[in-house]
>>> print(open('upload10.cif').read())   # mmCIF, C-alpha atoms
data_structure
loop_
_atom_site.label_atom_id
_atom_site.label_comp_id
_atom_site.auth_asym_id
_atom_site.auth_seq_id
_atom_site.Cartn_x
_atom_site.Cartn_y
_atom_site.Cartn_z
CA MET A 1 121.30 86.52 117.02
CA GLN A 2 118.99 86.23 114.05
CA ALA A 3 121.27 88.41 111.90
CA ARG A 4 124.22 86.14 112.66
CA LEU A 5 122.19 83.14 111.55
CA PHE A 6 121.33 84.83 108.24
CA LEU A 7 124.93 85.84 107.65
CA GLY A 8 126.11 82.30 108.39
CA LEU A 9 123.56 80.82 105.99
CA ILE A 10 124.55 83.27 103.26
CA PHE A 11 128.22 82.42 103.76
CA PHE A 12 127.42 78.70 103.60
CA ALA A 13 125.44 79.20 100.38
CA ILE A 14 128.31 81.11 98.76
CA LEU A 15 130.71 78.37 99.77
CA LEU A 16 128.37 75.76 98.31
CA VAL A 17 128.19 77.64 95.02
CA LEU A 18 131.97 77.91 94.83
CA LEU A 19 132.43 74.21 95.56
CA THR A 20 130.04 73.05 92.83
CA ASN A 21 132.34 74.75 90.28
CA GLY A 22 130.68 74.23 86.93
CA LYS A 23 128.25 71.48 87.88
CA LEU A 24 125.28 73.83 88.32
CA ASN A 25 123.91 75.19 85.04
CA LEU A 26 120.85 77.31 85.69
CA LEU A 27 121.63 79.79 82.93
CA ASN A 28 123.62 79.50 79.76
CA PRO A 29 127.02 81.15 80.13
CA PHE A 30 127.49 84.41 78.27
CA GLU A 31 130.44 86.65 77.56
CA VAL A 32 130.86 90.23 78.71
CA ILE A 33 133.57 92.51 77.35
CA LEU A 34 135.00 94.60 80.19
CA PHE A 35 138.04 96.84 79.64
CA GLN A 36 138.76 95.12 76.31
CA LYS A 37 138.84 91.68 77.93
CA SER A 38 136.28 88.95 77.42
CA ILE A 39 134.83 87.51 80.64
CA GLN A 40 132.54 84.49 80.64
CA ILE A 41 129.71 84.82 83.19
CA ASN A 42 127.99 81.61 84.33
CA SER A 43 125.18 80.91 86.77
CA GLU A 44 127.46 80.32 89.77
CA MET A 45 128.98 83.76 89.40
CA ILE A 46 125.55 85.36 89.18
CA VAL A 47 124.30 83.54 92.29
CA ALA A 48 127.49 84.40 94.17
CA PHE A 49 127.14 88.07 93.21
CA ILE A 50 123.53 88.15 94.39
CA MET A 51 124.51 86.58 97.71
CA LEU A 52 127.49 88.88 98.16
CA SER A 53 125.37 91.94 97.50
CA THR A 54 122.81 90.66 100.02
CA LEU A 55 125.55 90.12 102.59
CA VAL A 56 126.95 93.63 102.08
CA GLY A 57 123.44 95.09 102.22
CA VAL A 58 122.65 93.35 105.52
CA PHE A 59 125.97 94.56 106.92
CA PHE A 60 125.30 98.19 106.00
CA ILE A 61 121.75 98.03 107.33
CA GLY A 62 123.14 96.69 110.61
CA VAL A 63 125.71 99.46 110.80
CA LEU A 64 123.09 102.12 110.08
CA ASN A 65 120.78 100.58 112.65
CA ARG A 66 123.54 100.62 115.24
CA LEU A 67 124.53 104.22 114.47
CA LEU A 68 121.08 105.77 114.21
CA PHE A 69 118.83 103.81 116.53
CA TYR A 70 121.02 102.38 119.28
CA LYS A 71 120.14 104.00 122.60
CA GLY A 72 123.00 102.52 124.58
CA ASN A 73 123.44 102.68 128.32
CA LYS A 74 122.33 106.13 129.42
CA LYS A 75 122.91 105.57 133.10
CA SER A 76 124.82 108.31 134.75
CA LYS A 77 127.85 107.71 136.92
CA LYS A 78 125.91 108.71 140.04
CA GLU A 79 123.41 105.87 139.56
CA GLU A 80 126.22 103.31 139.25
CA LEU A 81 127.74 104.33 142.56
#
>>> encode(input="upload10.cif", output="structure tokens")
Amino acid sequence: MQARLFLGLIFFAILLVLLTNGKLNLLNPFEVILFQKSIQINSEMIVAFIMLSTLVGVFFIGVLNRLLFYKGNKKSKKEEL
């Protein structure tokens, strides 16, 4: 339940960053040349990337937790009958 709350809050924060669209200037925008194209990086893109990487990290930690440490139901069929 707590993980769902964190994921929801991260999603809400990303949505908030995308909706402000140029009104939030924490850092001065700078240009990055990638594959011979100039891309302007601003503070919203940086914050969105940090949140997206956090979201993906939490997802992979949850998957690893489920795969490696989940005990599951180990009741045998005889006990159920």
>>> closest_residue(input="upload10.cif", among="A:Leu18, A:Ser38, A:Glu31, A:Phe12", to="Leu55 of chain A", atoms="all atoms listed in the file")
A:Phe12
>>> atom_distance(input="upload10.cif", atom1="atom CA of Met51 of chain A", atom2="atom CA of Ala3 of chain A")
14.7 Å
>>> atom_distance(input="upload10.cif", atom1="atom CA of Ile61 of chain A", atom2="atom CA of Asn42 of chain A")
28.9 Å
>>> atom_distance(input="upload10.cif", atom1="atom CA of Ile46 of chain A", atom2="atom CA of Val32 of chain A")
12.7 Å
>>> residues_near_point(input="upload10.cif", point="(130.4, 81.3, 100.1)", cutoff="12 Å", atoms="all atoms listed in the file", output="ChimeraX atom specification")
/A:7-21,44-45,47-52,55
>>> build_atoms(input="upload10.cif", residues="segment 39-73 of chain A", atoms="N, CA and C atoms", output="mmCIF file, in the coordinates of the input")
data_model
loop_
_atom_site.group_PDB
_atom_site.id
_atom_site.type_symbol
_atom_site.label_atom_id
_atom_site.label_comp_id
_atom_site.auth_asym_id
_atom_site.auth_seq_id
_atom_site.Cartn_x
_atom_site.Cartn_y
_atom_site.Cartn_z
ATOM 1 N N ILE A 39 135.059 88.250 79.400
ATOM 2 C CA ILE A 39 134.830 87.510 80.640
ATOM 3 C C ILE A 39 133.574 86.666 80.448
ATOM 4 N N GLN A 40 133.677 85.392 80.766
ATOM 5 C CA GLN A 40 132.540 84.490 80.640
ATOM 6 C C GLN A 40 131.809 84.425 81.977
ATOM 7 N N ILE A 41 130.538 84.800 81.990
ATOM 8 C CA ILE A 41 129.710 84.820 83.190
ATOM 9 C C ILE A 41 128.816 83.585 83.169
ATOM 10 N N ASN A 42 128.865 82.775 84.240
ATOM 11 C CA ASN A 42 127.990 81.610 84.330
ATOM 12 C C ASN A 42 127.047 81.775 85.528
ATOM 13 N N SER A 43 126.216 80.791 85.742
ATOM 14 C CA SER A 43 125.180 80.910 86.770
ATOM 15 C C SER A 43 125.755 80.961 88.173
ATOM 16 N N GLU A 44 126.878 80.281 88.435
ATOM 17 C CA GLU A 44 127.460 80.320 89.770
ATOM 18 C C GLU A 44 127.943 81.717 90.124
ATOM 19 N N MET A 45 128.509 82.406 89.149
ATOM 20 C CA MET A 45 128.980 83.760 89.400
ATOM 21 C C MET A 45 127.821 84.709 89.661
ATOM 22 N N ILE A 46 126.726 84.507 88.961
ATOM 23 C CA ILE A 46 125.550 85.360 89.180
ATOM 24 C C ILE A 46 124.970 85.125 90.561
ATOM 25 N N VAL A 47 124.831 83.865 90.958
ATOM 26 C CA VAL A 47 124.300 83.540 92.290
ATOM 27 C C VAL A 47 125.228 84.053 93.375
ATOM 28 N N ALA A 48 126.537 83.904 93.186
ATOM 29 C CA ALA A 48 127.490 84.400 94.170
ATOM 30 C C ALA A 48 127.434 85.921 94.284
ATOM 31 N N PHE A 49 127.256 86.614 93.165
ATOM 32 C CA PHE A 49 127.140 88.070 93.210
ATOM 33 C C PHE A 49 125.875 88.505 93.926
ATOM 34 N N ILE A 50 124.772 87.815 93.700
ATOM 35 C CA ILE A 50 123.530 88.150 94.390
ATOM 36 C C ILE A 50 123.685 87.937 95.898
ATOM 37 N N MET A 51 124.319 86.846 96.289
ATOM 38 C CA MET A 51 124.510 86.580 97.710
ATOM 39 C C MET A 51 125.483 87.563 98.347
ATOM 40 N N LEU A 52 126.535 87.917 97.625
ATOM 41 C CA LEU A 52 127.490 88.880 98.160
ATOM 42 C C LEU A 52 126.848 90.249 98.324
ATOM 43 N N SER A 53 126.039 90.655 97.366
ATOM 44 C CA SER A 53 125.370 91.940 97.500
ATOM 45 C C SER A 53 124.355 91.915 98.647
ATOM 46 N N THR A 54 123.706 90.785 98.877
ATOM 47 C CA THR A 54 122.810 90.660 100.020
ATOM 48 C C THR A 54 123.574 90.748 101.334
ATOM 49 N N LEU A 55 124.715 90.091 101.397
ATOM 50 C CA LEU A 55 125.550 90.120 102.590
ATOM 51 C C LEU A 55 126.031 91.534 102.894
ATOM 52 N N VAL A 56 126.488 92.246 101.888
ATOM 53 C CA VAL A 56 126.950 93.630 102.080
ATOM 54 C C VAL A 56 125.773 94.521 102.477
ATOM 55 N N GLY A 57 124.620 94.305 101.869
ATOM 56 C CA GLY A 57 123.440 95.090 102.220
ATOM 57 C C GLY A 57 123.015 94.876 103.659
ATOM 58 N N VAL A 58 123.004 93.641 104.124
ATOM 59 C CA VAL A 58 122.650 93.350 105.520
ATOM 60 C C VAL A 58 123.660 93.974 106.464
ATOM 61 N N PHE A 59 124.938 93.953 106.090
ATOM 62 C CA PHE A 59 125.970 94.560 106.920
ATOM 63 C C PHE A 59 125.752 96.063 107.054
ATOM 64 N N PHE A 60 125.500 96.749 105.937
ATOM 65 C CA PHE A 60 125.300 98.190 106.000
ATOM 66 C C PHE A 60 124.017 98.564 106.726
ATOM 67 N N ILE A 61 122.976 97.774 106.577
ATOM 68 C CA ILE A 61 121.750 98.030 107.330
ATOM 69 C C ILE A 61 122.000 97.868 108.819
ATOM 70 N N GLY A 62 122.784 96.864 109.207
ATOM 71 C CA GLY A 62 123.140 96.690 110.610
ATOM 72 C C GLY A 62 123.955 97.833 111.160
ATOM 73 N N VAL A 63 124.900 98.326 110.359
ATOM 74 C CA VAL A 63 125.710 99.460 110.800
ATOM 75 C C VAL A 63 124.847 100.706 110.944
ATOM 76 N N LEU A 64 123.982 100.970 109.978
ATOM 77 C CA LEU A 64 123.090 102.120 110.080
ATOM 78 C C LEU A 64 122.146 102.001 111.263
ATOM 79 N N ASN A 65 121.651 100.810 111.510
ATOM 80 C CA ASN A 65 120.780 100.580 112.650
ATOM 81 C C ASN A 65 121.512 100.873 113.953
ATOM 82 N N ARG A 66 122.751 100.414 114.039
ATOM 83 C CA ARG A 66 123.540 100.620 115.240
ATOM 84 C C ARG A 66 123.852 102.109 115.440
ATOM 85 N N LEU A 67 124.165 102.818 114.358
ATOM 86 C CA LEU A 67 124.530 104.220 114.470
ATOM 87 C C LEU A 67 123.337 105.131 114.745
ATOM 88 N N LEU A 68 122.209 104.849 114.121
ATOM 89 C CA LEU A 68 121.080 105.770 114.210
ATOM 90 C C LEU A 68 120.086 105.442 115.317
ATOM 91 N N PHE A 69 119.908 104.177 115.625
ATOM 92 C CA PHE A 69 118.830 103.810 116.530
ATOM 93 C C PHE A 69 119.263 103.156 117.824
ATOM 94 N N TYR A 70 120.546 103.025 118.059
ATOM 95 C CA TYR A 70 121.020 102.380 119.280
ATOM 96 C C TYR A 70 121.006 103.381 120.412
ATOM 97 N N LYS A 71 120.265 103.092 121.461
ATOM 98 C CA LYS A 71 120.140 104.000 122.600
ATOM 99 C C LYS A 71 121.344 103.911 123.520
ATOM 100 N N GLY A 72 121.845 102.702 123.713
ATOM 101 C CA GLY A 72 123.000 102.520 124.580
ATOM 102 C C GLY A 72 122.624 102.586 126.047
ATOM 103 N N ASN A 73 123.629 102.566 126.881
ATOM 104 C CA ASN A 73 123.440 102.680 128.320
ATOM 105 C C ASN A 73 123.493 104.149 128.688
#
